[in-house]
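Here's protein15.cif, which has mmCIF, C-alpha atoms:
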```cif
data_input
#
loop_
_atom_site.label_atom_id
_atom_site.label_comp_id
_atom_site.auth_asym_id
_atom_site.auth_seq_id
_atom_site.Cartn_x
_atom_site.Cartn_y
_atom_site.Cartn_z
CA MET A 1 -14.74 13.42 -7.82
CA ASN A 2 -12.21 13.37 -4.99
CA THR A 3 -10.80 16.79 -4.14
CA GLY A 4 -8.03 15.14 -2.15
CA ILE A 5 -6.17 11.86 -2.42
CA ASP A 6 -3.41 10.08 -0.56
CA LEU A 7 -0.40 8.96 -2.59
CA ASN A 8 1.55 6.12 -1.05
CA ALA A 9 4.69 4.19 -1.91
CA ASP A 10 6.16 0.94 -0.60
CA LEU A 11 9.61 1.85 0.69
CA GLY A 12 12.52 0.58 2.77
CA GLU A 13 12.92 -2.36 0.39
CA GLY A 14 16.32 -1.40 -0.96
CA GLY A 15 14.92 0.52 -3.95
CA ASP A 16 16.76 3.33 -5.70
CA PHE A 17 14.19 6.10 -5.31
CA ASP A 18 13.10 6.16 -1.67
CA GLN A 19 14.43 9.64 -0.91
CA GLN A 20 13.02 11.19 -4.09
CA LEU A 21 9.64 9.49 -3.75
CA LEU A 22 9.30 10.85 -0.24
CA THR A 23 9.22 14.37 -1.72
CA LEU A 24 6.16 13.40 -3.79
CA VAL A 25 3.98 11.06 -1.71
CA SER A 26 1.97 11.68 1.45
CA SER A 27 2.22 8.19 2.99
CA ALA A 28 4.99 5.61 3.12
CA ASN A 29 4.55 1.89 3.73
CA ILE A 30 7.84 0.81 5.27
CA SER A 31 9.07 -2.76 4.99
CA CYS A 32 9.19 -4.65 8.28
CA GLY A 33 12.19 -6.63 7.04
CA ALA A 34 10.43 -9.95 6.42
CA HIS A 35 10.36 -9.66 2.62
CA ALA A 36 13.02 -7.11 1.67
CA GLY A 37 15.23 -4.30 2.87
CA SER A 38 18.18 -4.17 5.23
CA GLU A 39 17.94 -2.56 8.64
CA HIS A 40 19.81 0.41 7.18
CA ASP A 41 17.38 0.68 4.23
CA ILE A 42 14.43 0.66 6.60
CA GLN A 43 15.87 3.14 9.09
CA GLN A 44 16.91 5.47 6.28
CA ALA A 45 13.42 5.42 4.75
CA ILE A 46 11.92 6.17 8.18
CA THR A 47 14.32 9.05 8.73
CA TRP A 48 13.59 10.58 5.34
CA ALA A 49 9.83 10.18 5.86
CA ILE A 50 9.99 11.96 9.22
CA GLU A 51 12.09 14.76 7.70
CA ARG A 52 9.54 15.26 4.91
CA GLY A 53 6.48 14.98 7.16
CA VAL A 54 5.29 11.87 5.33
CA VAL A 55 2.95 9.59 7.28
CA ILE A 56 4.53 6.24 8.13
CA GLY A 57 2.83 2.86 7.97
CA ALA A 58 3.96 -0.73 8.42
CA HIS A 59 4.25 -3.03 5.41
CA PRO A 60 4.29 -6.56 6.89
CA SER A 61 4.44 -9.69 4.77
CA TYR A 62 4.70 -13.43 4.82
CA PRO A 63 8.18 -14.26 6.22
CA ASP A 64 9.66 -14.93 2.78
CA ARG A 65 12.72 -12.93 1.76
CA GLU A 66 13.69 -15.57 -0.80
CA HIS A 67 10.62 -14.76 -2.93
CA TRP A 68 10.23 -11.08 -1.91
CA GLY A 69 7.04 -11.96 -0.05
CA ARG A 70 5.26 -12.66 -3.33
CA ARG A 71 4.63 -16.37 -2.74
CA THR A 72 1.55 -17.62 -0.88
CA MET A 73 2.50 -19.43 2.32
CA SER A 74 0.38 -21.87 4.31
CA LEU A 75 0.76 -20.74 7.90
CA SER A 76 -1.30 -21.72 10.90
CA ALA A 77 -3.25 -18.97 12.60
CA GLY A 78 -0.64 -18.91 15.35
CA GLN A 79 2.28 -18.75 12.93
CA LEU A 80 0.68 -15.90 10.99
CA ARG A 81 -0.10 -13.99 14.16
CA ASP A 82 3.45 -14.42 15.47
CA ALA A 83 4.91 -13.30 12.14
CA LEU A 84 2.72 -10.20 11.91
CA MET A 85 3.04 -9.19 15.54
CA SER A 86 6.83 -9.52 15.54
CA GLN A 87 7.08 -7.42 12.37
CA LEU A 88 4.77 -4.71 13.68
CA GLN A 89 6.54 -4.57 17.02
CA TRP A 90 9.97 -4.38 15.41
CA LEU A 91 9.02 -1.64 12.96
CA GLU A 92 7.20 0.38 15.61
CA GLN A 93 10.35 0.31 17.72
CA GLN A 94 12.45 1.52 14.79
CA VAL A 95 9.98 4.34 14.05
CA ASN A 96 9.66 5.40 17.69
CA ASN A 97 13.43 5.36 18.19
CA LEU A 98 13.79 7.78 15.29
CA GLY A 99 11.10 10.12 16.60
CA GLY A 100 8.12 9.06 14.50
CA ALA A 101 4.89 7.14 14.97
CA LEU A 102 3.08 4.43 13.04
CA GLN A 103 -0.24 5.51 11.52
CA HIS A 104 -1.36 2.62 9.31
CA VAL A 105 -0.75 -0.97 8.24
CA LYS A 106 -0.74 -2.24 4.67
CA PRO A 107 0.11 -5.91 4.05
CA HIS A 108 2.64 -6.66 1.32
CA GLY A 109 2.65 -8.87 -1.74
CA ALA A 110 1.05 -12.30 -1.53
CA LEU A 111 -0.34 -11.61 1.93
CA TYR A 112 -2.05 -8.48 0.59
CA ASN A 113 -3.54 -10.29 -2.41
CA ASP A 114 -4.52 -13.38 -0.44
CA ALA A 115 -6.26 -11.25 2.20
CA ALA A 116 -8.17 -9.45 -0.55
CA ARG A 117 -9.76 -12.76 -1.59
CA ASP A 118 -9.77 -15.01 1.48
CA VAL A 119 -12.30 -13.88 4.08
CA HIS A 120 -10.82 -16.05 6.85
CA LEU A 121 -7.29 -14.78 6.24
CA ALA A 122 -8.57 -11.21 6.06
CA GLU A 123 -10.23 -11.63 9.45
CA GLN A 124 -6.98 -12.96 10.92
CA VAL A 125 -4.99 -10.00 9.60
CA ALA A 126 -7.57 -7.48 10.80
CA ARG A 127 -7.67 -9.09 14.24
CA CYS A 128 -3.87 -8.89 14.51
CA VAL A 129 -3.86 -5.20 13.61
CA LYS A 130 -6.65 -4.46 16.09
CA ASP A 131 -4.88 -6.35 18.87
CA PHE A 132 -1.62 -4.58 18.12
CA ASP A 133 -3.08 -1.06 17.95
CA PRO A 134 -6.76 -0.38 17.17
CA SER A 135 -5.99 3.24 16.25
CA LEU A 136 -4.04 2.20 13.14
CA VAL A 137 -5.68 2.55 9.71
CA LEU A 138 -5.85 -0.75 7.81
CA VAL A 139 -5.11 -0.40 4.09
CA GLY A 140 -6.33 -3.00 1.61
CA LEU A 141 -7.39 -3.55 -1.98
CA ALA A 142 -10.53 -1.58 -2.79
CA ASP A 143 -13.63 -3.81 -2.50
CA GLY A 144 -11.48 -6.67 -1.21
CA ALA A 145 -12.17 -8.91 1.77
CA LEU A 146 -9.63 -7.13 3.97
CA ILE A 147 -11.60 -3.88 3.80
CA GLN A 148 -14.76 -5.54 5.08
CA ALA A 149 -12.83 -7.52 7.70
CA GLY A 150 -11.28 -4.30 8.97
CA LYS A 151 -14.67 -2.64 9.24
CA ASP A 152 -16.10 -5.66 11.04
CA ALA A 153 -13.19 -5.51 13.49
CA GLY A 154 -13.95 -1.87 14.24
CA LEU A 155 -10.87 -0.51 12.48
CA THR A 156 -10.65 2.55 10.28
CA VAL A 157 -9.96 1.30 6.76
CA ALA A 158 -8.60 2.82 3.55
CA SER A 159 -9.35 1.42 0.10
CA GLU A 160 -6.35 1.30 -2.19
CA ALA A 161 -5.93 1.34 -5.97
CA PHE A 162 -2.78 0.95 -8.04
CA VAL A 163 -1.45 3.38 -10.61
CA ASP A 164 1.14 0.93 -11.97
CA ARG A 165 -0.79 -2.37 -12.06
CA ARG A 166 -3.45 -3.72 -14.40
CA TYR A 167 -6.75 -5.12 -13.14
CA GLN A 168 -8.94 -8.14 -13.76
CA ALA A 169 -12.69 -7.95 -14.28
CA ASP A 170 -13.39 -8.87 -10.62
CA GLY A 171 -11.37 -5.89 -9.38
CA THR A 172 -8.32 -7.90 -8.35
CA LEU A 173 -4.83 -7.24 -9.66
CA VAL A 174 -3.46 -9.14 -12.63
CA PRO A 175 -0.90 -11.59 -11.15
CA ARG A 176 2.72 -10.52 -11.53
CA SER A 177 3.37 -13.77 -13.41
CA HIS A 178 1.35 -12.35 -16.33
CA PRO A 179 3.46 -10.42 -18.87
CA LEU A 180 1.00 -7.51 -18.87
CA ALA A 181 0.59 -7.23 -15.09
CA LEU A 182 2.70 -4.09 -14.79
CA ILE A 183 2.07 -0.75 -16.47
CA ASP A 184 5.24 0.62 -18.06
CA ASP A 185 3.86 3.67 -19.89
CA SER A 186 3.70 6.94 -17.95
CA GLN A 187 0.60 8.21 -19.75
CA GLU A 188 -1.30 4.98 -19.13
CA ALA A 189 -0.36 5.08 -15.45
CA LEU A 190 -1.39 8.73 -15.21
CA ASN A 191 -4.70 8.12 -16.97
CA GLN A 192 -5.48 5.22 -14.63
CA GLY A 193 -4.63 7.24 -11.54
CA LEU A 194 -6.78 10.16 -12.65
CA ALA A 195 -9.66 7.80 -13.49
CA PHE A 196 -9.64 6.52 -9.90
CA ILE A 197 -9.73 10.07 -8.57
CA HIS A 198 -12.47 11.28 -10.94
CA GLY A 199 -14.61 8.18 -10.43
CA SER A 200 -14.28 7.14 -14.07
CA PRO A 201 -14.13 3.49 -15.15
CA ILE A 202 -10.88 1.82 -16.13
CA LYS A 203 -10.44 -0.92 -18.70
CA THR A 204 -9.41 -4.31 -17.33
CA ILE A 205 -6.92 -6.60 -19.03
CA ASP A 206 -9.78 -8.53 -20.66
CA GLY A 207 -11.59 -5.43 -21.92
CA HIS A 208 -14.23 -4.96 -19.21
CA LEU A 209 -14.90 -1.57 -17.65
CA ILE A 210 -14.88 -1.36 -13.86
CA SER A 211 -15.06 1.54 -11.42
CA ILE A 212 -12.96 1.62 -8.27
CA ASN A 213 -13.40 4.02 -5.36
CA ALA A 214 -10.07 4.62 -3.67
CA ASP A 215 -8.84 6.55 -0.65
CA THR A 216 -5.18 6.07 -1.55
CA LEU A 217 -3.19 5.39 -4.70
CA CYS A 218 -0.04 3.27 -4.65
CA ILE A 219 3.13 3.62 -6.67
CA HIS A 220 5.49 0.68 -6.12
CA GLY A 221 8.83 1.97 -4.90
CA ASP A 222 10.78 -0.95 -6.36
CA SER A 223 9.61 -0.22 -9.92
CA SER A 224 12.09 1.35 -12.34
CA HIS A 225 9.26 3.68 -13.40
CA ALA A 226 8.26 4.73 -9.87
CA LEU A 227 9.80 8.17 -9.84
CA ARG A 228 8.60 9.07 -13.32
CA PHE A 229 5.04 7.95 -12.53
CA ALA A 230 4.97 9.78 -9.19
CA ARG A 231 6.20 13.03 -10.71
CA ALA A 232 3.68 12.89 -13.55
CA LEU A 233 0.81 12.16 -11.19
CA GLN A 234 1.76 14.87 -8.71
CA THR A 235 2.07 17.44 -11.50
CA ALA A 236 -1.35 16.49 -12.89
CA LEU A 237 -3.01 16.62 -9.48
CA VAL A 238 -1.59 20.04 -8.68
CA ALA A 239 -2.72 21.34 -12.08
CA GLN A 240 -6.28 20.10 -11.40
CA GLY A 241 -6.42 21.51 -7.88
CA ILE A 242 -6.53 18.07 -6.26
CA HIS A 243 -4.80 18.05 -2.89
CA ILE A 244 -2.38 15.30 -1.94
CA GLN A 245 -3.40 14.44 1.63
CA ALA A 246 -2.20 11.70 3.95
CA LEU A 247 -4.70 9.13 5.16
CA VAL A 248 -4.73 10.54 8.69
CA ASN A 249 -5.87 13.89 7.27
CA ARG A 250 -8.71 12.46 5.18
CA GLN A 251 -12.22 11.42 6.13
CA LEU A 252 -12.18 7.62 6.19
CA ALA A 253 -14.67 4.89 7.04
#
```
Represent the structure of the file as structure tokens.
Amino acid sequence: MNTGIDLNADLGEGGDFDQQLLTLVSSANISCGAHAGSEHDIQQAITWAIERGVVIGAHPSYPDREHWGRRTMSLSAGQLRDALMSQLQWLEQQVNNLGGALQHVKPHGALYNDAARDVHLAEQVARCVKDFDPSLVLVGLADGALIQAGKDAGLTVASEAFVDRRYQADGTLVPRSHPLALIDDSQEALNQGLAFIHGSPIKTIDGHLISINADTLCIHGDSSHALRFARALQTALVAQGIHIQALVNRQLA
């Protein structure tokens, strides 16, 4: 069983709960502006994170605001590299200007899911992160291709699991197009989060049992249930003596 776990949220996307979530999580993945969030939203999330001592990471995506970064895009290697590098550079400047520092990178949406399955894409993303700053932690879906690509590139990696999403038998997330992709019930979300921490299996959407080892648990900041889920999970962790610790303070691969 984990005695400590990182809780992260995707923020700076124009959601309603950024400030409140930053009192509950230990890491924040801040939009780089390519999929969602105004410059004000992003700068405000950074400011609040710095004030709360929450570790800041970049949340780059396919350049696709029209579809919230949740549509797969066919980009050449050069186009993908340019998109990622420009996002990372822009966000780092925003963070540095406000007195903070980037600590990790977690791709967003379709880029995240595609890189979990596509070895070649995962290698491209990992190479971009390494070239940008090899000290950054690369966050990806537990047991996905991006985790192995990050290790192969010599990066420190963090395996992620989701409190508010349902899983398929192969360990990937149920696509958002499926009506049961999202978890709406607080108790179900809490039970799933605690199962990850205790090393217990979870039930997939098709009835299989799978076990997932995670370094960090995500609560989506744009979900209407985000604040309720985060509060329930934090309360349960405190009651069980499980420390909420940012990725930079945990022993990672």
* Rank A:Cys218, A:Ile50, A:Leu121, A:Gly57 by their smallest atom-to-atom distance to Ser76 of chain A, using only C-alpha atoms, and report the top residue only. =>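 Looking only at the distances to Ser76 of chain A, the closest residue turns out to be A:Leu121.
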* To do: Can you pull out every residue within 12 Å of segment 232-240 of chain A, counting all atoms listed in the file, but drop anything in the same chain fewer than 3 positions away, and send it as a PyMOL selection string?
  => chain A and resi 1-8+21+23-26+163-164+185-198+217-219+225-229+243-245
* Tell me which protein, DNA and RNA residues are within 7 Å of Ala45 of chain A, counting only C-alpha atoms, leaving out same-chain ones fewer than 2 positions away, and put them as a PyMOL selection string. => chain A and resi 11-12+18+41-43+47-49
Would you save the residues from that selection as an mmCIF file, keeping the file's coordinate frame, using C-alpha atoms?
```
data_model
loop_
_atom_site.group_PDB
_atom_site.id
_atom_site.type_symbol
_atom_site.label_atom_id
_atom_site.label_comp_id
_atom_site.auth_asym_id
_atom_site.auth_seq_id
_atom_site.Cartn_x
_atom_site.Cartn_y
_atom_site.Cartn_z
ATOM 1 C CA LEU A 11 9.610 1.850 0.690
ATOM 2 C CA GLY A 12 12.520 0.580 2.770
ATOM 3 C CA ASP A 18 13.100 6.160 -1.670
ATOM 4 C CA ASP A 41 17.380 0.680 4.230
ATOM 5 C CA ILE A 42 14.430 0.660 6.600
ATOM 6 C CA GLN A 43 15.870 3.140 9.090
ATOM 7 C CA THR A 47 14.320 9.050 8.730
ATOM 8 C CA TRP A 48 13.590 10.580 5.340
ATOM 9 C CA ALA A 49 9.830 10.180 5.860
#
```
* **Distance query segment 92-107 of chain A at most 9 Å, all atoms listed in the file, self and fewer than 5 positions along chain excluded, as a PyMOL selection string** => chain A and resi 29+42-43+46-47+49-50+55-62+87+112-113+115+125+129+135-140+247-248
* **Atomic separation - atom CA of Arg165 of chain A relative to atom CA of Ala116 of chain A, Å** => 15.4 Å
* Asked: Applied to the shown file, which residues does the PyMOL selection byres ((chain A and resi 13) around 12) return, written as a PyMOL selection string?
  -> chain A and resi 9-12+14-18+28-46+59-60+65+68-69+108+220-223
